Structure formats: C-alpha cells, structure tokens
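Student: Just so it is clear, I am handing over final.cif, which has mmCIF, C-alpha atoms.
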data_work
#
loop_
_atom_site.group_PDB
_atom_site.id
_atom_site.type_symbol
_atom_site.label_atom_id
_atom_site.label_comp_id
_atom_site.auth_asym_id
_atom_site.auth_seq_id
_atom_site.Cartn_x
_atom_site.Cartn_y
_atom_site.Cartn_z
ATOM 1 C CA MET A 29 109.903 111.809 92.628
ATOM 2 C CA ALA A 30 106.246 111.150 93.530
ATOM 3 C CA LYS A 31 105.475 109.652 96.935
ATOM 4 C CA GLU A 32 104.336 106.311 95.517
ATOM 5 C CA SER A 33 107.412 106.164 93.270
ATOM 6 C CA GLN A 34 109.625 106.568 96.340
ATOM 7 C CA PHE A 35 107.659 103.846 98.113
ATOM 8 C CA TRP A 36 108.079 101.569 95.076
ATOM 9 C CA ALA A 37 111.847 102.272 95.035
ATOM 10 C CA LEU A 38 112.005 101.214 98.694
ATOM 11 C CA LEU A 39 109.973 98.038 98.117
ATOM 12 C CA LYS A 40 111.323 96.811 94.764
ATOM 13 C CA PRO A 41 114.782 95.514 95.808
ATOM 14 C CA HIS A 42 113.176 93.233 98.414
ATOM 15 C CA ILE A 43 110.715 91.413 96.148
ATOM 16 C CA PRO A 44 111.405 87.669 96.158
ATOM 17 C CA LYS A 45 113.412 86.586 93.115
ATOM 18 C CA GLU A 46 110.917 83.820 92.278
ATOM 19 C CA ALA A 47 108.068 86.338 91.961
ATOM 20 C CA HIS A 48 107.059 88.006 88.718
ATOM 21 C CA VAL A 49 106.177 91.621 89.384
ATOM 22 C CA GLN A 50 105.004 94.397 87.114
ATOM 23 C CA ARG A 51 104.695 98.037 88.133
ATOM 24 C CA ILE A 52 101.528 99.396 86.556
ATOM 25 C CA GLU A 53 101.358 103.004 85.391
ATOM 26 C CA THR A 54 98.172 103.410 83.417
ATOM 27 C CA GLY A 55 97.644 107.151 83.589
ATOM 28 C CA GLY A 56 94.230 107.914 82.150
ATOM 29 C CA THR A 57 93.799 104.630 80.252
ATOM 30 C CA GLY A 58 93.048 102.244 83.109
ATOM 31 C CA ARG A 59 91.837 104.416 85.912
ATOM 32 C CA GLY A 60 91.857 102.727 89.293
ATOM 33 C CA VAL A 61 94.203 99.844 88.430
ATOM 34 C CA PRO A 62 96.532 99.162 91.415
ATOM 35 C CA ASP A 63 100.207 100.099 91.225
ATOM 36 C CA VAL A 64 101.669 96.593 91.348
ATOM 37 C CA ASN A 65 100.737 93.244 89.818
ATOM 38 C CA TYR A 66 102.493 90.441 91.728
ATOM 39 C CA CYS A 67 102.502 86.738 90.889
ATOM 40 C CA GLN A 68 104.211 83.955 92.809
ATOM 41 C CA GLN A 69 103.505 80.224 93.026
ATOM 42 C CA GLY A 70 100.598 80.632 90.615
ATOM 43 C CA ILE A 71 98.882 83.208 92.799
ATOM 44 C CA GLU A 72 98.156 86.601 91.276
ATOM 45 C CA ILE A 73 97.945 89.593 93.591
ATOM 46 C CA TRP A 74 97.261 93.301 93.087
ATOM 47 C CA ILE A 75 98.792 95.872 95.426
ATOM 48 C CA GLU A 76 97.899 99.550 95.675
ATOM 49 C CA LEU A 77 100.725 101.649 97.160
ATOM 50 C CA LYS A 78 99.995 104.797 99.131
ATOM 51 C CA SER A 79 102.277 107.209 100.975
ATOM 52 C CA ILE A 80 100.342 109.492 103.293
ATOM 53 C CA LYS A 81 100.888 112.230 105.855
ATOM 54 C CA GLY A 82 97.476 112.368 107.544
ATOM 55 C CA LEU A 83 94.996 109.599 108.291
ATOM 56 C CA LYS A 84 93.182 109.184 104.957
ATOM 57 C CA SER A 85 94.175 106.419 102.555
ATOM 58 C CA GLU A 86 93.525 108.775 99.634
ATOM 59 C CA LEU A 87 92.020 106.019 97.460
ATOM 60 C CA SER A 88 90.239 107.581 94.507
ATOM 61 C CA PRO A 89 86.682 106.545 93.594
ATOM 62 C CA PHE A 90 88.186 104.717 90.587
ATOM 63 C CA GLN A 91 90.599 102.789 92.824
ATOM 64 C CA ILE A 92 87.814 101.912 95.259
ATOM 65 C CA ALA A 93 85.648 100.624 92.402
ATOM 66 C CA TRP A 94 88.481 98.632 90.787
ATOM 67 C CA ILE A 95 89.555 96.974 94.034
ATOM 68 C CA TYR A 96 85.955 96.176 94.962
ATOM 69 C CA ASN A 97 85.134 94.669 91.571
ATOM 70 C CA ARG A 98 88.294 92.547 91.590
ATOM 71 C CA ILE A 99 87.633 91.264 95.115
ATOM 72 C CA LYS A 100 84.006 90.554 94.195
ATOM 73 C CA ALA A 101 85.288 88.464 91.252
ATOM 74 C CA GLY A 102 87.570 86.446 93.562
ATOM 75 C CA GLY A 103 90.777 88.432 93.078
ATOM 76 C CA ASN A 104 93.461 89.126 95.660
ATOM 77 C CA CYS A 105 93.931 92.823 96.437
ATOM 78 C CA PHE A 106 95.945 94.595 99.087
ATOM 79 C CA VAL A 107 96.548 98.218 99.981
ATOM 80 C CA LEU A 108 100.025 98.964 101.330
ATOM 81 C CA ILE A 109 100.254 102.332 103.069
ATOM 82 C CA ARG A 110 103.406 104.042 104.271
ATOM 83 C CA LYS A 111 103.345 106.872 106.783
ATOM 84 C CA ASN A 112 106.683 108.158 107.986
ATOM 85 C CA LYS A 113 108.683 105.004 108.828
ATOM 86 C CA GLU A 114 105.710 102.706 109.395
ATOM 87 C CA ILE A 115 104.055 100.520 106.757
ATOM 88 C CA LYS A 116 100.614 98.948 107.108
ATOM 89 C CA LEU A 117 99.157 96.229 104.914
ATOM 90 C CA PHE A 118 95.389 96.130 104.463
ATOM 91 C CA GLN A 119 93.341 93.372 102.863
ATOM 92 C CA PRO A 120 89.837 94.789 102.493
ATOM 93 C CA SER A 121 87.065 92.342 101.661
ATOM 94 C CA THR A 122 83.969 94.539 101.365
ATOM 95 C CA LEU A 123 83.075 97.792 99.649
ATOM 96 C CA GLU A 124 82.533 99.432 103.036
ATOM 97 C CA GLU A 125 86.034 98.425 104.211
ATOM 98 C CA ILE A 126 87.581 99.865 101.049
ATOM 99 C CA GLN A 127 85.599 103.107 101.297
ATOM 100 C CA LYS A 128 86.419 103.639 104.983
ATOM 101 C CA LEU A 129 90.044 102.532 104.767
ATOM 102 C CA ASN A 130 92.352 104.895 106.644
ATOM 103 C CA TRP A 131 95.503 104.831 108.745
ATOM 104 C CA LYS A 132 93.540 103.914 111.877
ATOM 105 C CA SER A 133 91.769 100.967 110.208
ATOM 106 C CA GLU A 134 92.790 97.541 111.459
ATOM 107 C CA SER A 135 95.737 96.392 109.404
ATOM 108 C CA ALA A 136 96.532 92.804 108.495
ATOM 109 C CA LEU A 137 100.234 93.465 109.101
ATOM 110 C CA THR A 138 102.310 96.392 110.371
ATOM 111 C CA LEU A 139 106.007 96.886 109.685
ATOM 112 C CA ASN A 140 108.380 99.309 111.347
ATOM 113 C CA ALA A 141 111.850 100.261 110.130
ATOM 114 C CA PRO A 142 114.010 98.312 109.657
ATOM 115 C CA TYR A 143 111.348 96.505 107.652
ATOM 116 C CA GLU A 144 110.961 92.731 107.660
ATOM 117 C CA TRP A 145 110.334 92.460 103.919
ATOM 118 C CA ASP A 146 110.338 88.655 103.950
ATOM 119 C CA ALA A 147 107.496 88.693 106.482
ATOM 120 C CA LEU A 148 105.503 91.057 104.255
ATOM 121 C CA PHE A 149 105.771 88.938 101.115
ATOM 122 C CA LYS A 150 105.189 85.689 103.018
ATOM 123 C CA PHE A 151 102.062 87.168 104.598
ATOM 124 C CA ILE A 152 100.743 88.414 101.257
ATOM 125 C CA LEU A 153 101.288 85.047 99.596
ATOM 126 C CA ASN A 154 99.788 83.038 102.457
ATOM 127 C CA SER A 155 96.695 85.176 103.014
ATOM 128 C CA THR A 156 95.169 85.064 99.559
ATOM 129 C CA PHE A 157 91.578 83.888 99.172
#
Let me see the file written as structure tokens.
Tutor:
Amino acid sequence: MAKESQFWALLKPHIPKEAHVQRIETGGTGRGVPDVNYCQQGIEIWIELKSIKGLKSELSPFQIAWIYNRIKAGGNCFVLIRKNKEIKLFQPSTLEEIQKLNWKSESALTLNAPYEWDALFKFILNSTF
C-alpha cells in the first residue's frame, strides 16, 4: 500500500459524520489535484496528504501550481504531512510558502500519537478564509 494510501486509511475513520468527503485519485488526468475534497457546513476544503521520511514535502510542480491557483482564487487548501508518528497541518497562503514547504516549516497545527482527530477537523473548518 502506498504511503499516502496508508495515511488516508489512518485518517478516514475519524472524519466527522456530518462532513462529505471524497478521496481524489486522478492519475494522469488531473495532475496536481489534492488527495481529498472535504466539505462541511457549506465550506469546501482541499487537502493534500503526504507521508515523508526526510524533510522535504515532496510536492510536485503540478501540486504546487494547483494549490497556488486555488488559493489565489479564494479556495481553502491544506497540506497534511505525516512523518513517523507526528502529523503537521500546513495552510500555505503564497506561492513562496508552497514552494518552500518542508517538515521544518511553521505548521498551523501539530498532532502526536495518539492523535486528537477532533482538534484537526475543528481547526481545518475554523481556519478557512
């Protein structure tokens, strides 16, 4: 199972029941589209999932461009990165932040196992633009 698929399997059971969530797997047809489309209380959010070993976020140029263009258009995008048993949530707002995003970047929220999933989803919902 791919690293992001394992991350999704960890996250999925904890999604609030009132949210509508769609895992996105576009392959070559929609390059750069984030892994998860999340909607709750009329707020639509895009989340890119990454599982890493080093410090780099490993966002592709297509992902960087997609996230930047969506943010520029007023969309809500997050990058959720898991490294070992720690999870960091990033909410970049500029192209430079997206391009330089790495494990040492300032995160909006950090979770350690056992994860406080409710805090994650509450934060995401309450920190949209």
Student: Just so the selection is clear, what residues does the PyMOL selection byres ((chain A and resi 124) around 12) cover here, as a PDB file with C-alpha atoms, in the frame of the given file?
Tutor:
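Full text of part.pdb as output:
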ATOM      1  CA  ILE A  92      87.814 101.912  95.259  1.00  0.00           C
ATOM      2  CA  ALA A  93      85.648 100.624  92.402  1.00  0.00           C
ATOM      3  CA  ILE A  95      89.555  96.974  94.034  1.00  0.00           C
ATOM      4  CA  TYR A  96      85.955  96.176  94.962  1.00  0.00           C
ATOM      5  CA  PRO A 120      89.837  94.789 102.493  1.00  0.00           C
ATOM      6  CA  SER A 121      87.065  92.342 101.661  1.00  0.00           C
ATOM      7  CA  THR A 122      83.969  94.539 101.365  1.00  0.00           C
ATOM      8  CA  LEU A 123      83.075  97.792  99.649  1.00  0.00           C
ATOM      9  CA  GLU A 125      86.034  98.425 104.211  1.00  0.00           C
ATOM     10  CA  ILE A 126      87.581  99.865 101.049  1.00  0.00           C
ATOM     11  CA  GLN A 127      85.599 103.107 101.297  1.00  0.00           C
ATOM     12  CA  LYS A 128      86.419 103.639 104.983  1.00  0.00           C
ATOM     13  CA  LEU A 129      90.044 102.532 104.767  1.00  0.00           C
ATOM     14  CA  ASN A 130      92.352 104.895 106.644  1.00  0.00           C
ATOM     15  CA  SER A 133      91.769 100.967 110.208  1.00  0.00           C
TER      16      SER A 133
END
Student: Would you mind telling me which residue in A:Gln50, A:Leu83, A:Leu38, A:Cys67 lies nearest to Tyr143 (chain A) when using all atoms listed in the file?
Tutor: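 Under the stated criterion, the closest residue is A:Leu38.
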Student: What is the CA of Leu87 (chain A)-CA of Thr138 (chain A) distance in Å, reported with one decimal?
Tutor: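 It comes out at 19.1 Å.
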Student: Taking the file above as input, evaluate the PyMOL selection byres ((chain A and resi 51) around 7) and report the hits as a VMD selection string.
Tutor: chain A and resid 49 to 50 52 to 53 63 to 65
Student: When the PyMOL selection byres ((chain A and resi 98-108) around 6) is applied to the structure above, which residues does it catch, written out as a ChimeraX atom specification?
Tutor: /A:73-77,95-97,109,116-119,156
Student: Might I get the box with edges along x, y and z of the file that holds all atoms of region 128-142 of chain A listed there, padded by 3 Å on every side, given as centre and edge lengths in Å to one decimal, as AutoDock Vina command-line options?
Tutor:
--center_x 100.2 --center_y 98.8 --center_z 108.3 --size_x 33.6 --size_y 18.1 --size_z 13.1
Student: Do you know which residues are at most 12 Å from Glu144 (chain A) counting all atoms listed in the file, after dropping those on the same chain fewer than 5 positions away, and could you put them as a ChimeraX atom specification?
Tutor: /A:39,42-43,114-115,137-139,149-151
